[in-house]
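Colleague: Attaching a single structure in structure tokens format; questions to follow.
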Amino acid sequence: MMNTADLIEAIKRGRNPREMVPEYAANYRNTLQKIGATYDWDREINSSDPGYYKWTQWIFLLLYKKGLAYRATAPINWCPSCKTGLANEEVKEGRCWRCDSLVEKRPLPQWYFKITEYAERLLTDLADIDWSDGVKQMQREWIGRSEGAGVDFKVQGTGETITVYTTRPDTLWGATFMVLAPEHPLVDQITTASQRDAITQYVKKAQSTNDMDRMNAERTKTGEFTGAYAINPVNGENIPIWIADYVLTGYGTGAIMAVPAHDQRDFEFARKYGIDIRLVYRISEDQDSSRMVEAVPLGGKMEDFGTAEEFPFTGIENEKSSIAPIIDWLSNKGIATKKIQYKLRDWLISRQRYWGAPIPIIHCSKCGEVAVPDDQLPVTLPDVQNYQPSGTGESPLATIPEFVNTTCPQCGGAAKRETDTMGGFACSSWYFLRFADPNNADEFASQKSLNYWLPVDMYSGGVEHAVMHLLYARFWTKVMFDEGLVNFTEPFKTLRNQGSMLAWTPGRKPKHDADGGGEDSVVDWIVLKPEERADYPEDEIVWRWARMSKSKGNVVTPEDMCDRFGADSLRVYELFVAPFEDNVQWSEDGINGAYRFVSRIWRWCITAIPQYQPGWKQSLADSKLSDKDQKTRRKLHQSIRKIGTDLEDFKFNTAIASLMELVNEAYIYRPVEEQPDNAIVLSELLESIILLLAPFAPHVSDELWSRIGKAGSTYHTVWPTIDAAAATENEMVIILQVNGKLKDKLTVSTDTANDLIKELALANEKIIEAIEGKSVKNVIVVPKKLVNIVVA
RNA sequence: GCCCAGGUGGUGGAAUCGGCAGACACAAGGGACUUAAAAUCCCUCGCCUUUACAGGCAUGCGGGUUCAACUCCCGCCCUGGGCACCA
């Protein structure tokens, strides 16, 4: 795979990623083979291979031709350590998701994918897929749909109009000022002469404030008056226009109407600058806006803003459902227009890196931006010495004339290639399609193979990809569906999230200035990289559990564990130690237990094998079974059922626990040093146990499978069938309680009538003792479960 | 601040359409086997009182509903994750 971690590693070691990728791939392959992961290695793909990224570029051009890829200059998230731009989704708590450095804003020309155009479909289609609620919720919130209205305000004394976006147009009557983002395009025009200096200064300050601080909602609000006034369209009043950095440029129109009585942010701002607070909804007669301590977003009744004919809403409740009719009313009057907004931003795909698929665009001074024609794909990475990032915001490719200089495909004149590459998430947004037809040189995959293999039935990945890979892949799939290239709209029908391995990792407190830490910081811990650790004072190191990752240098390699305990033990341990989706604090305690369990099964099977009868199934019908035989078969068939359903539910830990119980039962049925009672039941048990073990410990299972004389792998055999009759219990345990407290247990046949159970309970010695001298108020019989005697 | 998930023995975890709390393991202690160790096998193992029999208390804390609450309701506390001035 073409990924940034590999590039960082290559830079660190002063090596060329081109050489390292095959080594890394071989390493992964060895590990996977060692632990017995079954992949079809004929389908292995490598996204850094031009044969692969040719198609990434091809899809880029598809998006480009559909107007879904564009270049724009905007302040982007810039990681000073990785020396490249980052997508919104790659910034976590103001930091680079990969290296934790504080991101900066830099205005740079960058390529974007118009994922926002698919916001609605990305949201609604979540309903049709079987994913965890957590991931769906994260995507929903990331897309951030809101319904509201755009309202036009005229600027007094100019011809200008400013449109604001609001989800609460019903509070227009309480708008006492307007706020523009400092970057709003009209700021300069509307600012009056007397306010110009102050405004210029404020804008400058806002630009230099880092994003981390600016986004901090706890910070006290600041702003500056422009000197201009807007006209409130519902009542013709003049309201002052301010600028403040609590209004964001990228969302809505970058301008808001401020209703301090009903919005907390506006309230704080109004209080600070002494602006009017006017109620639209009143909670009580004596509510006084000058004495309010906080805004009241919901609750109260609408004030009187006109006669019944002019204003039909007097007295309505301040609740969400009141908003829609007012939007309709306002839009009939031409004051507002219904509008839907999303928090989702376009996906920034440019990276200023050597190692990535080059963006297949040519810049021609005559023709402008020109797509590289399909027959000239792939645009390959040049083989170079210097692939380090420049840090100037320009890709290292820009310094290579042989790469940059080319001819325009349209006019044939001299032209320059785009030097940005695509982030790794471009390549991973479609790789699952390539697996269907990995070596196809003519298409990204043939229709026939796509129809056969896709969409993906079961996909497993970490939650950390919730709003990155998993969102991007859905987007690309929908674009390709619209082009008729695939016949499904969602790439992954079912998604299960596995937990991560956590390692006990050294770190440190953030330094105030350098890391953006300090009192109010959301970041309170930073990983000490292995190379930093050596000369860091021991008593200042703060240890924590952190996700294992190459970059943190805290990984435990599976190879080592395999060498010491065997692949089967490692697999059993990892599945048994915690539920699939839970994170696991890595420790070696317990892996020995897994080893012991695998050995225990092995020993039991080995001593049972001499008695094995391949034809047990036929003999079973004619043979008489002892109580002991029946009990064992009951446990066996209950286990087959339980393990089967647990596997389907991804409950591997309890599946293994059930198998352990079965093995314990097997030892009771036939301790290793004794002769068997019934070779037929023993044979069934043996064969079944081998098969039940196979998903967890395939190597041991296959070996045992061949030792009972079977050909081929257990993986080519069917799961044992449940004998429902054998699995049925013929006895049940009834709990006997007095006032809800356990007194005794009763074992009866499953067909015992409730009346009889009640009788038996009341005749029970322990019960008689417990209720002696008290009056029985009530006797509750829960069928097949318990009897509770209520006494006073 | 908001949203989501969770809080159960020394440890990992089981059990939630309300019905035996602690399955299955790990660790620990004791015993058997062994020249010894490893491996294996057996026993003990939530806390407190008690020689024992037995009893009491226990699923983050405080209330509530119920014959019965780890499970449902209300109010807190804590941990992890996500979002973070989105108007």
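All residue names refer to the structure tokens as shown: chains lettered A, B, ... in order, residues numbered from 1 in each chain, ligands numbered from 1 in order.
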Only residues of chain B matter here; which ones have an atom within 8 Å of chain A, counting only C-alpha atoms (C1' of nucleotides)? Give them as a ChimeraX atom specification.
Modeller: /B:4,12-14,19-20,24-26,67-68,82-87
Colleague: As a PyMOL selection string, please: all residues of stretch 357-552 of chain A that backbone DSSP puts in strand (DSSP E or B).
Modeller: chain A and resi 357-358+361-364+368-371+405-407+414-417+421-422+456-461+492-497+501-508+526-527+542-547
Colleague: With only C-alpha atoms as the atoms that count, which of A:Ile541, A:Leu647, A:Ala308, A:Ala534 lies nearest to A:Phe580?
Modeller: A:Leu647
Colleague: With only C-alpha atoms (C1' of nucleotides) as the counted atoms, please give the residues lying no more than 9 Å from A:Asn46, apart from itself and same-chain residues fewer than 2 positions off, as an MDAnalysis selection string.
Modeller: chainID A and resid 1:2 21 25 44 48:53
Colleague: Looking at only C-alpha atoms, which of A:Gly461, A:Gly315, A:Gly157, A:Gly484 is the one that sits closest to A:Thr192?
Modeller: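 Checking each of A:Gly461, A:Gly315, A:Gly157, A:Gly484 against A:Thr192, counting only C-alpha atoms, the winner is A:Gly157.
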